[in-house]
Amino acid sequence: GKTVNGAKRWIVIPGIGFQIQPSEMMKLALVMVLALYIAANRGQMGKFRYGILFPYTIIGSVCFVTALEKHLSATMILLMIGTLVIFIGGAPTKWLAIFMGSGAGLVALAIAFFDYARKRVEYWLVPENDPGAAGYQLLQSLYAIGSGGALGTGLGKSRQKYLYLPEAQNDFIFAVICEEFGFIGAVTLIVLFALLLWRGIVIAMHAPDTYSSILTMGIISQIGLQCIMNIAVVTGSMPVTGVSLPFFSYGGSSLIMLLVEMGMILSVSRYSYQQKK
């Protein structure tokens with residue numbers, strides 16, 4: 001693997017210099033495996049053993065390996081995608097609520113007792129306390145959003161992307177969109193994503209079988225989660241973490257996998273007119 005900033009998240013293909021990010025492939029792989037599992041055990045998903053124990057063994061294994069890459073955002077997304085998929089598949093809500101409550105409690109304890117976690121939250125809530133380091137990225141993002149106003153500065157006329165806003169082409173590209181296209185452009189983009197999610201849900205509801213339906217819902221959930229998390233980070237609604245904006249952020253592995261996922265959803269939609277089995 002290739003190490004960048006202390007994290008080992010990429011594999012370089014020898015000879016051509018192309019690098020891939022395995023965690024992007026794992027998002028789709030996890031959805032496919034869980035969809036297959038739910039389709040095979042759909043009559044027993046209400047039981048703890050089939051609805052919680054076995055699925056979370058799969059999800060936990062994937063998250064553990066991803067966490068070893070020091071890729072916290074991907075680990076969070078995989079955990080949330082897995083939870084959403086088994087919830088849609090009929091896992092017992094009581095146990096899901098217990099697990100989510102336990103997770104929230106652990107996060108609260110980490111913030112209370114670990115200095116690193118506490119400072120991360122502090123600089124998220126009040127980035128002005130460290131404008132040159134910990135709060136720099138969020139402040140520059142907010143400057144970009146504020147500079148856009150209602151109509152924006154115009155396509156290609158962002159100022160913050162020139163050495164001011166870190167990762168302007170990737171994790172913080174939404175801030176550049178806000179600056180260049182303004183409030184109107186940002187709302188239009190959010191509406192387009194909402195329409196994409198709505199259309200995916202419609203396709204899932206009319207899918208010819210359980211596997212196709214769960215697969216489509218899982219893919220759409222992944223895209224929706226990444227959109228919400230990316231926009232939340234850029235606007236300061238949640239602590240800064242690396243989450244790409246689907247179809248917009250720079251990155252080969254992410255874009256290729258998104259296109260593959262869209263192809264799979266379109267394949268399901270081709271047969272949505274058939275009677276469900």
# chains A, B, ... in the order shown; residues from 1 in each chain; ligands from 1
$ residues_around --residues "region 212-215 of chain A" --least-positions-apart "4" --cutoff "10 Å" --atoms "only C-alpha atoms" --output "PyMOL selection string"
chain A and resi 28+30-36+38-39+85-86+88-89+200-208+219-221+261+264-265+267-269+271-272
$ residues_around --residues "Ile173 (chain A)" --least-positions-apart "4" --cutoff "9 Å" --atoms "only C-alpha atoms" --output "MDAnalysis selection string"
chainID A and resid 161 167:169 177:178 234 244:245 248:250
$ closest_residue --among "A:Ser147, A:Phe87, A:Leu192, A:Arg270" --to "Phe247 (chain A)" --atoms "only C-alpha atoms"
A:Leu192
$ closest_atom_pairs --of "region 181-265 of chain A" --to "region 113-131 of chain A" --cutoff "8 Å" --atoms "only C-alpha atoms" --output "tab-separated table"
residue	atom	partner	partner_atom	distance
A:Gly236	CA	A:Trp124	CA	6.9
A:Met238	CA	A:Trp124	CA	7.2
A:Pro239	CA	A:Trp124	CA	5.2
A:Val240	CA	A:Trp124	CA	7.1
$ residues_around --residues "region 80-82 of chain A" --least-positions-apart "6" --cutoff "7 Å" --atoms "only C-alpha atoms" --output "list of chain:residue names"
A:Ile59, A:Gly218, A:Ser221, A:Gln222
$ select_by_dssp --residues "region 235-272 of chain A" --states "helix (DSSP H, G or I)" --output "count of residues only"
19
$ atom_distance --atom1 "CA of Thr216 (chain A)" --atom2 "CA of Leu259 (chain A)"
13.5 Å
$ residues_around --residues "region 12-23 of chain A" --least-positions-apart "3" --cutoff "7 Å" --atoms "only C-alpha atoms" --output "number ranges by chain"
A: 1-2, 9, 26-27, 66, 74, 253
$ write_last_selection --atoms "all heavy atoms" --output "PDB file, in the first residue's frame"
ATOM      1  N   GLY A   1       0.811  -1.207   0.000  1.00  0.00           N
ATOM      2  CA  GLY A   1       0.000   0.000   0.000  1.00  0.00           C
ATOM      3  C   GLY A   1       0.845   1.258   0.000  1.00  0.00           C
ATOM      4  O   GLY A   1       2.020   1.233   0.361  1.00  0.00           O
ATOM      5  N   LYS A   2       0.252   2.358  -0.440  1.00  0.00           N
ATOM      6  CA  LYS A   2       0.933   3.637  -0.488  1.00  0.00           C
ATOM      7  C   LYS A   2       0.520   4.471   0.727  1.00  0.00           C
ATOM      8  O   LYS A   2      -0.666   4.623   1.005  1.00  0.00           O
ATOM      9  CB  LYS A   2       0.560   4.380  -1.772  1.00  0.00           C
ATOM     10  CG  LYS A   2       1.220   5.747  -1.911  1.00  0.00           C
ATOM     11  CD  LYS A   2       0.757   6.436  -3.196  1.00  0.00           C
ATOM     12  CE  LYS A   2       1.372   7.822  -3.317  1.00  0.00           C
ATOM     13  NZ  LYS A   2       0.899   8.519  -4.532  1.00  0.00           N
ATOM     14  N   ARG A   9      -4.071   3.887   2.415  1.00  0.00           N
ATOM     15  CA  ARG A   9      -5.404   3.636   1.855  1.00  0.00           C
ATOM     16  C   ARG A   9      -5.374   3.305   0.368  1.00  0.00           C
ATOM     17  O   ARG A   9      -6.421   3.067  -0.217  1.00  0.00           O
ATOM     18  CB  ARG A   9      -6.294   4.874   2.046  1.00  0.00           C
ATOM     19  CG  ARG A   9      -6.373   5.356   3.481  1.00  0.00           C
ATOM     20  CD  ARG A   9      -7.122   6.687   3.556  1.00  0.00           C
ATOM     21  NE  ARG A   9      -7.069   7.273   4.887  1.00  0.00           N
ATOM     22  CZ  ARG A   9      -7.497   8.491   5.197  1.00  0.00           C
ATOM     23  NH1 ARG A   9      -8.008   9.249   4.241  1.00  0.00           N
ATOM     24  NH2 ARG A   9      -7.413   8.940   6.438  1.00  0.00           N
ATOM     25  N   MET A  26     -15.054  -1.692  -1.475  1.00  0.00           N
ATOM     26  CA  MET A  26     -15.680  -2.399  -0.371  1.00  0.00           C
ATOM     27  C   MET A  26     -17.090  -1.891  -0.092  1.00  0.00           C
ATOM     28  O   MET A  26     -17.948  -2.649   0.385  1.00  0.00           O
ATOM     29  CB  MET A  26     -14.808  -2.280   0.888  1.00  0.00           C
ATOM     30  CG  MET A  26     -15.323  -3.064   2.079  1.00  0.00           C
ATOM     31  SD  MET A  26     -15.589  -4.826   1.720  1.00  0.00           S
ATOM     32  CE  MET A  26     -13.884  -5.371   1.568  1.00  0.00           C
ATOM     33  N   LYS A  27     -17.357  -0.628  -0.367  1.00  0.00           N
ATOM     34  CA  LYS A  27     -18.709  -0.093  -0.146  1.00  0.00           C
ATOM     35  C   LYS A  27     -19.732  -0.879  -0.960  1.00  0.00           C
ATOM     36  O   LYS A  27     -20.783  -1.280  -0.446  1.00  0.00           O
ATOM     37  CB  LYS A  27     -18.760   1.391  -0.517  1.00  0.00           C
ATOM     38  CG  LYS A  27     -17.932   2.280   0.389  1.00  0.00           C
ATOM     39  CD  LYS A  27     -17.886   3.707  -0.135  1.00  0.00           C
ATOM     40  CE  LYS A  27     -16.945   4.580   0.689  1.00  0.00           C
ATOM     41  NZ  LYS A  27     -16.818   5.947   0.146  1.00  0.00           N
ATOM     42  N   THR A  66     -10.853  -1.720   7.506  1.00  0.00           N
ATOM     43  CA  THR A  66     -10.783  -0.352   6.984  1.00  0.00           C
ATOM     44  C   THR A  66     -10.193   0.597   8.021  1.00  0.00           C
ATOM     45  O   THR A  66      -9.452   1.530   7.676  1.00  0.00           O
ATOM     46  CB  THR A  66     -12.186   0.129   6.576  1.00  0.00           C
ATOM     47  OG1 THR A  66     -12.782  -0.840   5.700  1.00  0.00           O
ATOM     48  CG2 THR A  66     -12.113   1.463   5.846  1.00  0.00           C
ATOM     49  N   ALA A  74     -14.362   6.418   5.929  1.00  0.00           N
ATOM     50  CA  ALA A  74     -14.834   5.227   5.216  1.00  0.00           C
ATOM     51  C   ALA A  74     -15.375   4.192   6.188  1.00  0.00           C
ATOM     52  O   ALA A  74     -16.368   3.515   5.902  1.00  0.00           O
ATOM     53  CB  ALA A  74     -13.703   4.630   4.385  1.00  0.00           C
ATOM     54  N   SER A 253     -10.978   6.098  -8.232  1.00  0.00           N
ATOM     55  CA  SER A 253     -11.633   4.916  -7.666  1.00  0.00           C
ATOM     56  C   SER A 253     -13.092   5.202  -7.328  1.00  0.00           C
ATOM     57  O   SER A 253     -13.994   4.409  -7.624  1.00  0.00           O
ATOM     58  CB  SER A 253     -10.899   4.447  -6.407  1.00  0.00           C
ATOM     59  OG  SER A 253      -9.568   4.091  -6.690  1.00  0.00           O
TER      60      SER A 253
END
$ select_by_dssp --residues "region 8-250 of chain A" --states "strand (DSSP E)" --output "short mmCIF file (atom, residue, chain, number, x, y, z; two decimals) with N, CA, C and O atoms, in the first residue's frame"
data_model
loop_
_atom_site.label_atom_id
_atom_site.label_comp_id
_atom_site.auth_asym_id
_atom_site.auth_seq_id
_atom_site.Cartn_x
_atom_site.Cartn_y
_atom_site.Cartn_z
N LYS A 8 -2.57 4.54 5.11
CA LYS A 8 -2.26 3.61 4.02
C LYS A 8 -3.58 3.14 3.42
O LYS A 8 -4.15 2.14 3.84
N ARG A 9 -4.07 3.89 2.42
CA ARG A 9 -5.40 3.64 1.85
C ARG A 9 -5.37 3.31 0.37
O ARG A 9 -6.42 3.07 -0.22
N TRP A 10 -4.22 3.33 -0.26
CA TRP A 10 -4.15 3.18 -1.71
C TRP A 10 -3.20 2.04 -2.08
O TRP A 10 -2.20 1.80 -1.40
N ILE A 11 -3.51 1.38 -3.18
CA ILE A 11 -2.64 0.35 -3.76
C ILE A 11 -2.23 0.83 -5.14
O ILE A 11 -3.07 1.17 -5.97
N VAL A 12 -0.93 0.90 -5.38
CA VAL A 12 -0.40 1.37 -6.66
C VAL A 12 -0.22 0.17 -7.59
O VAL A 12 0.40 -0.82 -7.22
N GLN A 19 -3.33 4.14 -9.20
CA GLN A 19 -3.59 3.69 -7.84
C GLN A 19 -5.09 3.56 -7.58
O GLN A 19 -5.88 4.33 -8.11
N ILE A 20 -5.44 2.57 -6.79
CA ILE A 20 -6.84 2.32 -6.47
C ILE A 20 -7.03 2.40 -4.96
O ILE A 20 -6.09 2.21 -4.18
#
$ closest_residue --among "A:Cys227, A:Ala91, A:Val65, A:Leu84" --to "Gly51 (chain A)" --atoms "only C-alpha atoms"
A:Ala91
$ decode --residues "region 240-251 of chain A" --atoms "all heavy atoms" --output "PDB file, in the first residue's frame"
ATOM      1  N   VAL A 240     -14.971  18.049  10.865  1.00  0.00           N
ATOM      2  CA  VAL A 240     -14.294  17.840   9.583  1.00  0.00           C
ATOM      3  C   VAL A 240     -13.772  16.421   9.485  1.00  0.00           C
ATOM      4  O   VAL A 240     -13.067  15.929  10.371  1.00  0.00           O
ATOM      5  CB  VAL A 240     -13.133  18.835   9.413  1.00  0.00           C
ATOM      6  CG1 VAL A 240     -12.339  18.534   8.147  1.00  0.00           C
ATOM      7  CG2 VAL A 240     -13.663  20.263   9.374  1.00  0.00           C
ATOM      8  N   THR A 241     -14.139  15.736   8.414  1.00  0.00           N
ATOM      9  CA  THR A 241     -13.617  14.409   8.102  1.00  0.00           C
ATOM     10  C   THR A 241     -13.638  14.243   6.588  1.00  0.00           C
ATOM     11  O   THR A 241     -14.396  14.934   5.890  1.00  0.00           O
ATOM     12  CB  THR A 241     -14.455  13.300   8.789  1.00  0.00           C
ATOM     13  OG1 THR A 241     -13.867  12.021   8.547  1.00  0.00           O
ATOM     14  CG2 THR A 241     -15.882  13.295   8.287  1.00  0.00           C
ATOM     15  N   GLY A 242     -12.826  13.362   6.069  1.00  0.00           N
ATOM     16  CA  GLY A 242     -12.690  13.244   4.621  1.00  0.00           C
ATOM     17  C   GLY A 242     -13.783  12.410   3.980  1.00  0.00           C
ATOM     18  O   GLY A 242     -13.740  11.181   4.033  1.00  0.00           O
ATOM     19  N   VAL A 243     -14.774  13.068   3.378  1.00  0.00           N
ATOM     20  CA  VAL A 243     -15.856  12.388   2.659  1.00  0.00           C
ATOM     21  C   VAL A 243     -16.015  13.065   1.305  1.00  0.00           C
ATOM     22  O   VAL A 243     -16.189  14.291   1.238  1.00  0.00           O
ATOM     23  CB  VAL A 243     -17.188  12.451   3.435  1.00  0.00           C
ATOM     24  CG1 VAL A 243     -18.283  11.711   2.661  1.00  0.00           C
ATOM     25  CG2 VAL A 243     -17.039  11.863   4.828  1.00  0.00           C
ATOM     26  N   SER A 244     -15.977  12.296   0.243  1.00  0.00           N
ATOM     27  CA  SER A 244     -16.093  12.868  -1.099  1.00  0.00           C
ATOM     28  C   SER A 244     -17.553  13.125  -1.447  1.00  0.00           C
ATOM     29  O   SER A 244     -18.460  12.468  -0.932  1.00  0.00           O
ATOM     30  CB  SER A 244     -15.464  11.931  -2.131  1.00  0.00           C
ATOM     31  OG  SER A 244     -16.112  10.663  -2.117  1.00  0.00           O
ATOM     32  N   LEU A 245     -17.771  14.106  -2.337  1.00  0.00           N
ATOM     33  CA  LEU A 245     -19.112  14.386  -2.846  1.00  0.00           C
ATOM     34  C   LEU A 245     -19.316  13.562  -4.118  1.00  0.00           C
ATOM     35  O   LEU A 245     -18.600  13.759  -5.101  1.00  0.00           O
ATOM     36  CB  LEU A 245     -19.256  15.879  -3.153  1.00  0.00           C
ATOM     37  CG  LEU A 245     -20.641  16.350  -3.601  1.00  0.00           C
ATOM     38  CD1 LEU A 245     -21.659  16.153  -2.488  1.00  0.00           C
ATOM     39  CD2 LEU A 245     -20.601  17.810  -4.035  1.00  0.00           C
ATOM     40  N   PRO A 246     -20.271  12.631  -4.117  1.00  0.00           N
ATOM     41  CA  PRO A 246     -20.444  11.734  -5.269  1.00  0.00           C
ATOM     42  C   PRO A 246     -20.580  12.475  -6.591  1.00  0.00           C
ATOM     43  O   PRO A 246     -21.297  13.469  -6.686  1.00  0.00           O
ATOM     44  CB  PRO A 246     -21.744  10.982  -4.916  1.00  0.00           C
ATOM     45  CG  PRO A 246     -21.805  11.009  -3.427  1.00  0.00           C
ATOM     46  CD  PRO A 246     -21.216  12.335  -3.028  1.00  0.00           C
ATOM     47  N   PHE A 247     -19.852  11.980  -7.602  1.00  0.00           N
ATOM     48  CA  PHE A 247     -19.871  12.466  -8.981  1.00  0.00           C
ATOM     49  C   PHE A 247     -19.161  13.813  -9.169  1.00  0.00           C
ATOM     50  O   PHE A 247     -18.972  14.249 -10.296  1.00  0.00           O
ATOM     51  CB  PHE A 247     -21.300  12.586  -9.529  1.00  0.00           C
ATOM     52  CG  PHE A 247     -22.079  11.309  -9.456  1.00  0.00           C
ATOM     53  CD1 PHE A 247     -23.129  11.180  -8.556  1.00  0.00           C
ATOM     54  CD2 PHE A 247     -21.772  10.237 -10.266  1.00  0.00           C
ATOM     55  CE1 PHE A 247     -23.844  10.005  -8.472  1.00  0.00           C
ATOM     56  CE2 PHE A 247     -22.486   9.055 -10.201  1.00  0.00           C
ATOM     57  CZ  PHE A 247     -23.521   8.939  -9.296  1.00  0.00           C
ATOM     58  N   PHE A 248     -18.780  14.487  -8.095  1.00  0.00           N
ATOM     59  CA  PHE A 248     -18.165  15.805  -8.212  1.00  0.00           C
ATOM     60  C   PHE A 248     -16.720  15.812  -7.725  1.00  0.00           C
ATOM     61  O   PHE A 248     -15.882  16.465  -8.338  1.00  0.00           O
ATOM     62  CB  PHE A 248     -18.976  16.849  -7.438  1.00  0.00           C
ATOM     63  CG  PHE A 248     -20.232  17.274  -8.135  1.00  0.00           C
ATOM     64  CD1 PHE A 248     -21.392  16.539  -7.998  1.00  0.00           C
ATOM     65  CD2 PHE A 248     -20.249  18.398  -8.946  1.00  0.00           C
ATOM     66  CE1 PHE A 248     -22.551  16.911  -8.648  1.00  0.00           C
ATOM     67  CE2 PHE A 248     -21.409  18.781  -9.602  1.00  0.00           C
ATOM     68  CZ  PHE A 248     -22.570  18.037  -9.458  1.00  0.00           C
ATOM     69  N   SER A 249     -16.444  15.145  -6.619  1.00  0.00           N
ATOM     70  CA  SER A 249     -15.091  15.170  -6.068  1.00  0.00           C
ATOM     71  C   SER A 249     -14.114  14.449  -6.981  1.00  0.00           C
ATOM     72  O   SER A 249     -14.453  13.438  -7.612  1.00  0.00           O
ATOM     73  CB  SER A 249     -15.075  14.507  -4.690  1.00  0.00           C
ATOM     74  OG  SER A 249     -15.796  15.272  -3.753  1.00  0.00           O
ATOM     75  N   TYR A 250     -12.881  14.981  -7.042  1.00  0.00           N
ATOM     76  CA  TYR A 250     -11.817  14.356  -7.822  1.00  0.00           C
ATOM     77  C   TYR A 250     -11.428  13.030  -7.178  1.00  0.00           C
ATOM     78  O   TYR A 250     -11.300  12.932  -5.966  1.00  0.00           O
ATOM     79  CB  TYR A 250     -10.612  15.284  -7.880  1.00  0.00           C
ATOM     80  CG  TYR A 250      -9.409  14.694  -8.577  1.00  0.00           C
ATOM     81  CD1 TYR A 250      -9.299  14.744  -9.955  1.00  0.00           C
ATOM     82  CD2 TYR A 250      -8.405  14.090  -7.844  1.00  0.00           C
ATOM     83  CE1 TYR A 250      -8.204  14.213 -10.603  1.00  0.00           C
ATOM     84  CE2 TYR A 250      -7.297  13.544  -8.477  1.00  0.00           C
ATOM     85  CZ  TYR A 250      -7.207  13.608  -9.859  1.00  0.00           C
ATOM     86  OH  TYR A 250      -6.118  13.068 -10.483  1.00  0.00           O
ATOM     87  N   GLY A 251     -11.222  12.002  -7.984  1.00  0.00           N
ATOM     88  CA  GLY A 251     -10.815  10.695  -7.463  1.00  0.00           C
ATOM     89  C   GLY A 251     -11.262   9.593  -8.399  1.00  0.00           C
ATOM     90  O   GLY A 251     -12.472   9.412  -8.627  1.00  0.00           O
TER      91      GLY A 251
END
